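Quick look at query.cif (mmCIF, N, CA and C atoms):
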data_structure
loop_
_atom_site.label_atom_id
_atom_site.label_comp_id
_atom_site.auth_asym_id
_atom_site.auth_seq_id
_atom_site.Cartn_x
_atom_site.Cartn_y
_atom_site.Cartn_z
N MET R 1 -0.17 -61.51 48.10
CA MET R 1 1.10 -60.86 47.80
C MET R 1 1.51 -61.13 46.35
N ARG R 2 1.13 -62.28 45.85
CA ARG R 2 1.46 -62.58 44.44
C ARG R 2 0.76 -61.60 43.49
N VAL R 3 -0.45 -61.20 43.82
CA VAL R 3 -1.16 -60.20 43.00
C VAL R 3 -0.42 -58.87 43.07
N ALA R 4 0.04 -58.49 44.25
CA ALA R 4 0.81 -57.25 44.40
C ALA R 4 2.09 -57.31 43.58
N LEU R 5 2.77 -58.45 43.56
CA LEU R 5 3.97 -58.60 42.75
C LEU R 5 3.65 -58.47 41.26
N SER R 6 2.52 -59.02 40.85
CA SER R 6 2.09 -58.91 39.45
C SER R 6 1.82 -57.45 39.09
N LEU R 7 1.20 -56.71 40.00
CA LEU R 7 0.96 -55.29 39.77
C LEU R 7 2.27 -54.51 39.69
N ALA R 8 3.21 -54.87 40.55
CA ALA R 8 4.52 -54.21 40.51
C ALA R 8 5.19 -54.42 39.15
N ALA R 9 5.06 -55.61 38.61
CA ALA R 9 5.63 -55.90 37.29
C ALA R 9 4.97 -55.05 36.21
N GLN R 10 3.68 -54.77 36.36
CA GLN R 10 2.98 -53.90 35.40
C GLN R 10 3.55 -52.49 35.43
N ALA R 11 3.96 -52.05 36.60
CA ALA R 11 4.53 -50.70 36.73
C ALA R 11 5.81 -50.57 35.91
N ILE R 12 6.58 -51.63 35.83
CA ILE R 12 7.83 -51.60 35.07
C ILE R 12 7.57 -51.23 33.61
N ALA R 13 6.50 -51.77 33.05
CA ALA R 13 6.16 -51.50 31.65
C ALA R 13 5.90 -50.02 31.41
N LEU R 14 5.57 -49.29 32.47
CA LEU R 14 5.30 -47.84 32.37
C LEU R 14 6.49 -47.01 32.86
N ALA R 15 7.62 -47.67 33.06
CA ALA R 15 8.83 -47.01 33.58
C ALA R 15 8.61 -46.42 34.97
N GLU R 16 7.77 -47.09 35.74
CA GLU R 16 7.50 -46.70 37.13
C GLU R 16 8.26 -47.63 38.05
N VAL R 17 8.63 -47.15 39.23
CA VAL R 17 9.27 -47.99 40.23
C VAL R 17 8.30 -49.13 40.55
N PRO R 18 8.77 -50.37 40.47
CA PRO R 18 7.87 -51.53 40.60
C PRO R 18 7.44 -51.82 42.04
N VAL R 19 6.36 -51.15 42.42
CA VAL R 19 5.72 -51.41 43.71
C VAL R 19 4.25 -51.65 43.43
N GLY R 20 3.72 -52.71 44.01
CA GLY R 20 2.31 -53.03 43.86
C GLY R 20 1.65 -53.21 45.21
N ALA R 21 0.35 -52.94 45.27
CA ALA R 21 -0.40 -53.06 46.53
C ALA R 21 -1.81 -53.57 46.25
N VAL R 22 -2.29 -54.41 47.17
CA VAL R 22 -3.63 -54.99 47.06
C VAL R 22 -4.31 -54.91 48.42
N ALA R 23 -5.52 -54.36 48.45
CA ALA R 23 -6.33 -54.30 49.67
C ALA R 23 -7.36 -55.42 49.61
N VAL R 24 -7.43 -56.20 50.70
CA VAL R 24 -8.32 -57.37 50.73
C VAL R 24 -9.21 -57.29 51.96
N LYS R 25 -10.50 -57.55 51.75
CA LYS R 25 -11.46 -57.62 52.85
C LYS R 25 -12.29 -58.89 52.68
N ASP R 26 -12.34 -59.69 53.70
CA ASP R 26 -13.11 -60.94 53.67
C ASP R 26 -12.75 -61.81 52.46
N GLY R 27 -11.46 -61.84 52.13
CA GLY R 27 -10.98 -62.68 51.04
C GLY R 27 -11.22 -62.13 49.65
N VAL R 28 -11.72 -60.90 49.55
CA VAL R 28 -12.03 -60.28 48.26
C VAL R 28 -11.16 -59.04 48.07
N ILE R 29 -10.59 -58.88 46.89
CA ILE R 29 -9.81 -57.68 46.59
C ILE R 29 -10.77 -56.50 46.46
N VAL R 30 -10.56 -55.49 47.30
CA VAL R 30 -11.40 -54.29 47.27
C VAL R 30 -10.65 -53.07 46.74
N GLY R 31 -9.34 -53.20 46.57
CA GLY R 31 -8.55 -52.11 46.02
C GLY R 31 -7.20 -52.63 45.59
N GLN R 32 -6.64 -51.99 44.58
CA GLN R 32 -5.32 -52.38 44.12
C GLN R 32 -4.68 -51.22 43.39
N GLY R 33 -3.37 -51.29 43.27
CA GLY R 33 -2.68 -50.23 42.55
C GLY R 33 -1.20 -50.51 42.43
N TYR R 34 -0.58 -49.72 41.59
CA TYR R 34 0.87 -49.74 41.47
C TYR R 34 1.32 -48.30 41.30
N ASN R 35 2.61 -48.08 41.44
CA ASN R 35 3.13 -46.73 41.35
C ASN R 35 2.77 -46.08 40.02
N LEU R 36 2.32 -44.84 40.09
CA LEU R 36 1.99 -44.06 38.89
C LEU R 36 2.50 -42.63 39.00
N LYS R 37 3.54 -42.41 39.77
CA LYS R 37 4.07 -41.05 39.97
C LYS R 37 4.52 -40.41 38.66
N GLU R 38 5.23 -41.14 37.85
CA GLU R 38 5.77 -40.60 36.60
C GLU R 38 4.65 -40.35 35.59
N GLN R 39 3.76 -41.31 35.45
CA GLN R 39 2.66 -41.19 34.48
C GLN R 39 1.72 -40.05 34.83
N SER R 40 1.42 -39.91 36.12
CA SER R 40 0.44 -38.90 36.55
C SER R 40 1.07 -37.59 36.99
N GLN R 41 2.41 -37.60 37.18
CA GLN R 41 3.11 -36.44 37.73
C GLN R 41 2.47 -36.01 39.05
N ASP R 42 2.14 -37.01 39.85
CA ASP R 42 1.49 -36.83 41.15
C ASP R 42 2.36 -37.49 42.21
N PRO R 43 2.93 -36.71 43.13
CA PRO R 43 3.80 -37.30 44.15
C PRO R 43 3.09 -38.23 45.12
N THR R 44 1.76 -38.20 45.14
CA THR R 44 1.02 -39.09 46.04
C THR R 44 0.57 -40.38 45.36
N ALA R 45 0.93 -40.57 44.11
CA ALA R 45 0.46 -41.73 43.34
C ALA R 45 1.31 -42.97 43.62
N HIS R 46 1.45 -43.30 44.90
CA HIS R 46 2.14 -44.52 45.30
C HIS R 46 1.15 -45.68 45.24
N ALA R 47 1.68 -46.88 45.09
CA ALA R 47 0.84 -48.08 44.99
C ALA R 47 -0.13 -48.18 46.16
N GLU R 48 0.38 -47.93 47.37
CA GLU R 48 -0.45 -48.04 48.57
C GLU R 48 -1.60 -47.03 48.55
N MET R 49 -1.29 -45.81 48.15
CA MET R 49 -2.32 -44.76 48.11
C MET R 49 -3.40 -45.11 47.10
N MET R 50 -2.99 -45.65 45.96
CA MET R 50 -3.96 -46.04 44.94
C MET R 50 -4.88 -47.14 45.47
N ALA R 51 -4.29 -48.13 46.13
CA ALA R 51 -5.07 -49.25 46.67
C ALA R 51 -5.98 -48.79 47.80
N LEU R 52 -5.49 -47.91 48.67
CA LEU R 52 -6.32 -47.40 49.77
C LEU R 52 -7.49 -46.58 49.25
N ARG R 53 -7.23 -45.72 48.26
CA ARG R 53 -8.32 -44.91 47.68
C ARG R 53 -9.40 -45.81 47.08
N GLN R 54 -8.97 -46.79 46.29
CA GLN R 54 -9.93 -47.68 45.65
C GLN R 54 -10.70 -48.50 46.69
N ALA R 55 -10.00 -48.95 47.73
CA ALA R 55 -10.67 -49.73 48.79
C ALA R 55 -11.72 -48.88 49.49
N SER R 56 -11.40 -47.64 49.78
CA SER R 56 -12.36 -46.74 50.45
C SER R 56 -13.61 -46.55 49.60
N GLN R 57 -13.41 -46.41 48.29
CA GLN R 57 -14.55 -46.27 47.39
C GLN R 57 -15.37 -47.56 47.33
N THR R 58 -14.68 -48.70 47.29
CA THR R 58 -15.38 -49.98 47.19
C THR R 58 -16.21 -50.27 48.44
N VAL R 59 -15.63 -50.05 49.63
CA VAL R 59 -16.36 -50.35 50.86
C VAL R 59 -17.20 -49.15 51.31
N ASN R 60 -17.09 -48.04 50.57
CA ASN R 60 -17.87 -46.83 50.84
C ASN R 60 -17.65 -46.32 52.26
N ASN R 61 -16.38 -46.30 52.66
CA ASN R 61 -16.04 -45.81 53.99
C ASN R 61 -14.55 -45.50 54.03
N TRP R 62 -14.19 -44.38 54.62
CA TRP R 62 -12.76 -44.06 54.74
C TRP R 62 -12.10 -44.90 55.82
N ARG R 63 -12.90 -45.44 56.72
CA ARG R 63 -12.36 -46.36 57.73
C ARG R 63 -12.29 -47.75 57.12
N LEU R 64 -11.10 -48.25 56.96
CA LEU R 64 -10.91 -49.54 56.30
C LEU R 64 -10.86 -50.68 57.30
N ILE R 65 -11.90 -50.74 58.11
CA ILE R 65 -12.03 -51.79 59.12
C ILE R 65 -12.10 -53.15 58.42
N GLY R 66 -11.30 -54.10 58.88
CA GLY R 66 -11.32 -55.44 58.33
C GLY R 66 -10.52 -55.62 57.04
N VAL R 67 -9.79 -54.59 56.63
CA VAL R 67 -9.03 -54.66 55.39
C VAL R 67 -7.56 -54.94 55.71
N THR R 68 -6.96 -55.80 54.92
CA THR R 68 -5.52 -56.05 54.98
C THR R 68 -4.92 -55.51 53.69
N LEU R 69 -3.84 -54.75 53.82
CA LEU R 69 -3.13 -54.24 52.65
C LEU R 69 -1.86 -55.06 52.46
N TYR R 70 -1.70 -55.62 51.27
CA TYR R 70 -0.50 -56.35 50.89
C TYR R 70 0.29 -55.46 49.95
N CYS R 71 1.55 -55.23 50.28
CA CYS R 71 2.38 -54.34 49.47
C CYS R 71 3.75 -54.96 49.29
N THR R 72 4.34 -54.73 48.15
CA THR R 72 5.63 -55.33 47.86
C THR R 72 6.78 -54.64 48.57
N LEU R 73 6.56 -53.41 49.06
CA LEU R 73 7.63 -52.62 49.67
C LEU R 73 7.15 -51.98 50.96
N GLU R 74 8.05 -51.87 51.92
CA GLU R 74 7.78 -51.15 53.17
C GLU R 74 7.26 -49.75 52.83
N PRO R 75 6.21 -49.29 53.49
CA PRO R 75 5.63 -47.99 53.15
C PRO R 75 6.53 -46.82 53.53
N CYS R 76 6.36 -45.73 52.79
CA CYS R 76 7.03 -44.47 53.11
C CYS R 76 6.21 -43.77 54.21
N PRO R 77 6.71 -42.67 54.76
CA PRO R 77 5.95 -41.96 55.80
C PRO R 77 4.56 -41.50 55.35
N MET R 78 4.43 -41.04 54.11
CA MET R 78 3.11 -40.60 53.62
C MET R 78 2.12 -41.76 53.63
N CYS R 79 2.54 -42.89 53.08
CA CYS R 79 1.64 -44.04 52.99
C CYS R 79 1.35 -44.62 54.37
N ALA R 80 2.34 -44.64 55.24
CA ALA R 80 2.12 -45.11 56.61
C ALA R 80 1.11 -44.21 57.32
N GLY R 81 1.23 -42.91 57.13
CA GLY R 81 0.27 -41.98 57.72
C GLY R 81 -1.14 -42.20 57.20
N ALA R 82 -1.26 -42.47 55.91
CA ALA R 82 -2.58 -42.75 55.32
C ALA R 82 -3.17 -44.02 55.90
N MET R 83 -2.33 -45.01 56.16
CA MET R 83 -2.82 -46.26 56.76
C MET R 83 -3.36 -46.02 58.16
N ILE R 84 -2.67 -45.19 58.93
CA ILE R 84 -3.16 -44.84 60.27
C ILE R 84 -4.47 -44.07 60.16
N GLN R 85 -4.51 -43.09 59.26
CA GLN R 85 -5.74 -42.29 59.08
C GLN R 85 -6.93 -43.17 58.67
N ALA R 86 -6.65 -44.20 57.87
CA ALA R 86 -7.71 -45.10 57.38
C ALA R 86 -8.10 -46.16 58.40
N ARG R 87 -7.40 -46.17 59.55
CA ARG R 87 -7.63 -47.18 60.59
C ARG R 87 -7.42 -48.59 60.04
N LEU R 88 -6.46 -48.71 59.12
CA LEU R 88 -6.13 -50.01 58.54
C LEU R 88 -5.67 -50.94 59.65
N PRO R 89 -6.27 -52.11 59.77
CA PRO R 89 -5.87 -53.00 60.86
C PRO R 89 -4.56 -53.75 60.60
N ARG R 90 -4.26 -54.06 59.32
CA ARG R 90 -3.11 -54.93 59.06
C ARG R 90 -2.45 -54.59 57.74
N LEU R 91 -1.12 -54.61 57.77
CA LEU R 91 -0.28 -54.44 56.59
C LEU R 91 0.65 -55.64 56.48
N VAL R 92 0.75 -56.18 55.28
CA VAL R 92 1.71 -57.24 54.99
C VAL R 92 2.58 -56.73 53.85
N TYR R 93 3.90 -56.70 54.07
CA TYR R 93 4.76 -56.21 52.99
C TYR R 93 5.95 -57.12 52.79
N GLY R 94 6.58 -56.94 51.62
CA GLY R 94 7.71 -57.77 51.23
C GLY R 94 9.05 -57.19 51.61
N ALA R 95 9.60 -56.33 50.76
CA ALA R 95 10.97 -55.83 50.92
C ALA R 95 11.03 -54.59 51.81
N LYS R 96 12.16 -54.46 52.50
CA LYS R 96 12.44 -53.25 53.28
C LYS R 96 12.80 -52.12 52.32
N ASP R 97 12.53 -50.89 52.75
CA ASP R 97 12.91 -49.69 51.98
C ASP R 97 13.93 -48.92 52.81
N THR R 98 15.19 -49.10 52.49
CA THR R 98 16.26 -48.50 53.29
C THR R 98 16.44 -47.01 53.04
N ARG R 99 15.71 -46.45 52.09
CA ARG R 99 15.79 -45.01 51.82
C ARG R 99 14.63 -44.22 52.42
N PHE R 100 13.42 -44.80 52.40
CA PHE R 100 12.24 -44.07 52.84
C PHE R 100 11.34 -44.85 53.79
N GLY R 101 11.75 -46.02 54.23
CA GLY R 101 10.89 -46.91 54.99
C GLY R 101 10.39 -46.34 56.31
N ALA R 102 9.09 -46.53 56.55
CA ALA R 102 8.44 -45.99 57.75
C ALA R 102 8.01 -47.07 58.73
N HIS R 103 8.61 -48.26 58.60
CA HIS R 103 8.36 -49.32 59.58
C HIS R 103 9.68 -49.83 60.13
N GLY R 104 10.52 -48.92 60.54
CA GLY R 104 11.76 -49.28 61.19
C GLY R 104 13.01 -49.09 60.38
N SER R 105 12.92 -49.01 59.06
CA SER R 105 14.13 -48.82 58.26
C SER R 105 14.71 -47.42 58.45
N ILE R 106 13.86 -46.41 58.41
CA ILE R 106 14.28 -45.02 58.64
C ILE R 106 13.57 -44.47 59.87
N VAL R 107 12.26 -44.54 59.86
CA VAL R 107 11.42 -44.13 60.99
C VAL R 107 10.45 -45.26 61.29
N ASN R 108 9.73 -45.15 62.40
CA ASN R 108 8.80 -46.20 62.77
C ASN R 108 7.44 -45.60 63.08
N ILE R 109 6.79 -45.13 62.06
CA ILE R 109 5.50 -44.45 62.20
C ILE R 109 4.38 -45.40 62.61
N LEU R 110 4.37 -46.59 62.05
CA LEU R 110 3.24 -47.49 62.28
C LEU R 110 3.13 -48.02 63.70
N ASP R 111 4.22 -47.96 64.45
CA ASP R 111 4.19 -48.42 65.84
C ASP R 111 4.25 -47.27 66.85
N GLU R 112 4.11 -46.05 66.38
CA GLU R 112 4.21 -44.89 67.26
C GLU R 112 3.09 -44.90 68.30
N PRO R 113 3.43 -44.99 69.59
CA PRO R 113 2.39 -45.10 70.62
C PRO R 113 1.57 -43.82 70.83
N LEU R 114 2.03 -42.69 70.32
CA LEU R 114 1.27 -41.45 70.50
C LEU R 114 0.06 -41.34 69.56
N PHE R 115 0.05 -42.14 68.49
CA PHE R 115 -1.11 -42.14 67.59
C PHE R 115 -2.24 -42.94 68.22
N ASN R 116 -3.48 -42.60 67.86
CA ASN R 116 -4.63 -43.30 68.42
C ASN R 116 -4.90 -44.65 67.74
N HIS R 117 -4.10 -44.98 66.73
CA HIS R 117 -4.29 -46.25 66.01
C HIS R 117 -2.93 -46.80 65.63
N ARG R 118 -2.78 -48.09 65.77
CA ARG R 118 -1.57 -48.77 65.33
C ARG R 118 -1.96 -49.87 64.34
N VAL R 119 -1.11 -50.04 63.36
CA VAL R 119 -1.33 -51.04 62.32
C VAL R 119 -0.49 -52.27 62.64
N GLU R 120 -1.13 -53.43 62.66
CA GLU R 120 -0.36 -54.67 62.81
C GLU R 120 0.43 -54.87 61.53
N VAL R 121 1.71 -55.19 61.64
CA VAL R 121 2.57 -55.33 60.46
C VAL R 121 3.23 -56.70 60.42
N ILE R 122 3.15 -57.30 59.26
CA ILE R 122 3.87 -58.54 58.98
C ILE R 122 4.80 -58.21 57.81
N SER R 123 6.10 -58.35 58.03
CA SER R 123 7.06 -57.98 57.00
C SER R 123 7.82 -59.19 56.48
N GLY R 124 8.45 -59.01 55.33
CA GLY R 124 9.31 -60.05 54.77
C GLY R 124 8.60 -61.12 53.97
N VAL R 125 7.33 -60.93 53.63
CA VAL R 125 6.58 -61.91 52.85
C VAL R 125 6.97 -61.78 51.37
N LEU R 126 7.51 -62.85 50.82
CA LEU R 126 8.04 -62.86 49.44
C LEU R 126 9.05 -61.72 49.23
N GLU R 127 9.81 -61.48 50.27
CA GLU R 127 10.78 -60.38 50.27
C GLU R 127 11.79 -60.49 49.13
N ALA R 128 12.32 -61.67 48.90
CA ALA R 128 13.34 -61.85 47.87
C ALA R 128 12.79 -61.51 46.49
N GLU R 129 11.57 -61.91 46.21
CA GLU R 129 10.97 -61.62 44.90
C GLU R 129 10.70 -60.13 44.74
N ALA R 130 10.20 -59.50 45.78
CA ALA R 130 9.93 -58.06 45.73
C ALA R 130 11.22 -57.27 45.56
N ALA R 131 12.24 -57.65 46.32
CA ALA R 131 13.53 -56.96 46.24
C ALA R 131 14.17 -57.16 44.87
N ALA R 132 14.04 -58.35 44.31
CA ALA R 132 14.62 -58.63 42.99
C ALA R 132 14.01 -57.75 41.92
N LEU R 133 12.69 -57.55 41.96
CA LEU R 133 12.04 -56.66 40.99
C LEU R 133 12.63 -55.25 41.06
N LEU R 134 12.78 -54.76 42.27
CA LEU R 134 13.32 -53.41 42.46
C LEU R 134 14.77 -53.34 42.01
N GLN R 135 15.58 -54.32 42.37
CA GLN R 135 16.99 -54.33 41.98
C GLN R 135 17.15 -54.36 40.46
N GLN R 136 16.38 -55.20 39.80
CA GLN R 136 16.45 -55.29 38.34
C GLN R 136 16.05 -53.97 37.70
N PHE R 137 14.99 -53.36 38.21
CA PHE R 137 14.53 -52.09 37.66
C PHE R 137 15.61 -51.03 37.76
N PHE R 138 16.21 -50.88 38.93
CA PHE R 138 17.21 -49.84 39.11
C PHE R 138 18.52 -50.16 38.38
N GLN R 139 18.87 -51.43 38.24
CA GLN R 139 20.05 -51.79 37.45
C GLN R 139 19.85 -51.40 35.99
N GLN R 140 18.66 -51.67 35.46
CA GLN R 140 18.35 -51.31 34.07
C GLN R 140 18.35 -49.79 33.89
N LEU R 141 17.81 -49.09 34.88
CA LEU R 141 17.77 -47.63 34.81
C LEU R 141 19.19 -47.05 34.80
N ARG R 142 20.07 -47.57 35.64
CA ARG R 142 21.45 -47.08 35.70
C ARG R 142 22.23 -47.42 34.43
N SER R 143 21.90 -48.52 33.78
CA SER R 143 22.64 -48.92 32.57
C SER R 143 22.26 -48.08 31.34
N LYS R 144 21.17 -47.34 31.43
CA LYS R 144 20.72 -46.52 30.28
C LYS R 144 21.46 -45.22 30.22
#
Entire entry expressed as structure tokens:
Amino acid sequence: MRVALSLAAQAIALAEVPVGAVAVKDGVIVGQGYNLKEQSQDPTAHAEMMALRQASQTVNNWRLIGVTLYCTLEPCPMCAGAMIQARLPRLVYGAKDTRFGAHGSIVNILDEPLFNHRVEVISGVLEAEAAALLQQFFQQLRSK
């Protein structure tokens, strides 16, 4: 999670919302990313999507069996759907997303029993640090 927080901090330097994600398999980072929506003008360029894409390329499989994704923020519906599609076994995230969260804050996609796959979720890991990055970013944005 500390690597994900470091990636989130890198996003700030690019005027991106500070969210970072790291995919780990067998103790090795196989994918990582941070938000790049503004830089790429791509609405799918979320930290989680970047990390999942890179992980799939690294393990040479769209099924991310044995991979844990660490993310600084609760995933949005798009990212949660991608995690289900990738058969991601586990997600660990920091701060809740009260505007777009898909793990209980707004909707609960990851625990939906109608899907053929559910992702184990551990939330609140380094939550205060992840939330502080986001709060500082948005405070600075509003002051401009």
- Would you mind telling me which residue in R:Gln32, R:Asn116, R:Gln39, R:Thr68 lies nearest to Leu52 of chain R when using only N, CA and C atoms?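 Of R:Gln32, R:Asn116, R:Gln39, R:Thr68, the one nearest Leu52 of chain R, counting only N, CA and C atoms, is R:Gln32.
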- Query: Which residues match the PyMOL selection byres (((chain R and resi 22 and name CA) around 6) and name CA) in the file above, as JSON, numbers by chain?
  - Reply: {"R": [4, 21, 23, 31, 32, 51, 69, 70]}
With the cut-off set at 12 Å and counting only C-alpha atoms, tabulate each residue of segment 53-104 of chain R with an atom at most that distance from an atom of segment 117-136 of chain R, showing the nearest atom pair and its distance in Å to one decimal, ordered by chain and increasing number, as CSV.
residue,atom,partner,partner_atom,distance
R:Arg63,CA,R:His117,CA,11.6
R:Leu64,CA,R:Val119,CA,11.4
R:Ile65,CA,R:Val119,CA,11.2
R:Gly66,CA,R:Val119,CA,11.6
R:Val67,CA,R:Val119,CA,11.0
R:Thr68,CA,R:Glu120,CA,9.5
R:Leu69,CA,R:Val121,CA,9.7
R:Tyr70,CA,R:Val125,CA,9.2
R:Cys71,CA,R:Ala130,CA,9.2
R:Thr72,CA,R:Ala130,CA,5.5
R:Leu73,CA,R:Ala130,CA,7.1
R:Glu74,CA,R:Ser123,CA,7.9
R:Pro75,CA,R:Ser123,CA,10.8
R:Ala80,CA,R:Val119,CA,8.9
R:Gly81,CA,R:Val119,CA,10.3
R:Ala82,CA,R:Val119,CA,10.9
R:Met83,CA,R:Val119,CA,7.5
R:Ile84,CA,R:His117,CA,6.0
R:Gln85,CA,R:His117,CA,8.1
R:Ala86,CA,R:His117,CA,9.4
R:Arg87,CA,R:His117,CA,6.4
R:Leu88,CA,R:Val119,CA,6.2
R:Pro89,CA,R:Val119,CA,5.2
R:Arg90,CA,R:Glu120,CA,4.7
R:Leu91,CA,R:Val121,CA,4.9
R:Val92,CA,R:Ile122,CA,4.7
R:Tyr93,CA,R:Ser123,CA,5.0
R:Gly94,CA,R:Glu127,CA,4.1
R:Ala95,CA,R:Glu127,CA,4.6
R:Lys96,CA,R:Gly124,CA,7.6
R:Asp97,CA,R:Ala131,CA,9.3
R:Thr98,CA,R:Ala131,CA,11.3
R:Gly101,CA,R:Ser123,CA,11.9
R:Ala102,CA,R:Val121,CA,11.4
R:His103,CA,R:Val121,CA,8.4
R:Gly104,CA,R:Ser123,CA,10.7
- If you run DSSP over the backbone, which residues in segment 7-98 of chain R end up strand (DSSP E or B)? Put them as a VMD selection string. chain R and resid 20 to 25 28 to 34 67 to 73 90 to 95
- Task: With a distance cut-off of 7 Å and only N, CA and C atoms, select the neighbouring residues of Val17 of chain R, excluding the residue or stretch itself and same-chain residues fewer than 2 positions from it, and output the selection as JSON, numbers by chain.
- Result: {"R": [8, 11, 12, 14, 15, 19, 20, 35, 36, 37, 134]}
- Message: With DSSP run on the backbone, what are the alpha helix (DSSP H) residues within chain R? I'd like them as a PyMOL selection string.
- Response: chain R and resi 2-13+37-40+47-59+77-85+127-143
Please give the centre and size of the box around segment 73-79 of chain R (axis-aligned, containing every atom listed in the file, 5 Å added per side), with values in Å to one decimal and written as AutoDock Vina command-line options.
--center_x 4.7 --center_y -47.0 --center_z 52.4 --size_x 16.7 --size_y 22.8 --size_z 16.7
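Pairwise distance (atom CA of Val59 of chain R, atom CA of Gln41 of chain R) equals 27.3 Å.
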- Query: What does the distance between atom C of Val3 of chain R and atom CA of Phe138 of chain R come to in Å, to one decimal place?
  - Reply: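 Computed distance, atom C of Val3 of chain R to atom CA of Phe138 of chain R, equals 20.2 Å.
Nearest to Ala9 of chain R of all the residues R:Met78, R:Glu112, R:Gln54, R:Tyr34 is R:Tyr34, based on all atoms listed in the file.
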- Given the choices R:Asn61, R:Gln10, R:Ser105, R:Thr44, which gets closest to Cys79 of chain R if the distance is worked out from only C-alpha atoms? R:Thr44
- Residue nearest Glu16 of chain R among R:Leu141, R:Ile106, R:Val30, R:Cys76 (counting only C-alpha atoms):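 Under the stated criterion, the closest residue is R:Leu141.
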- Message: Between atom N of Leu114 of chain R and atom N of Phe100 of chain R, what is the distance in Å, rounded to a tenth?
- Response: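 If I compute the distance from atom N of Leu114 of chain R to atom N of Phe100 of chain R, I get 21.3 Å.
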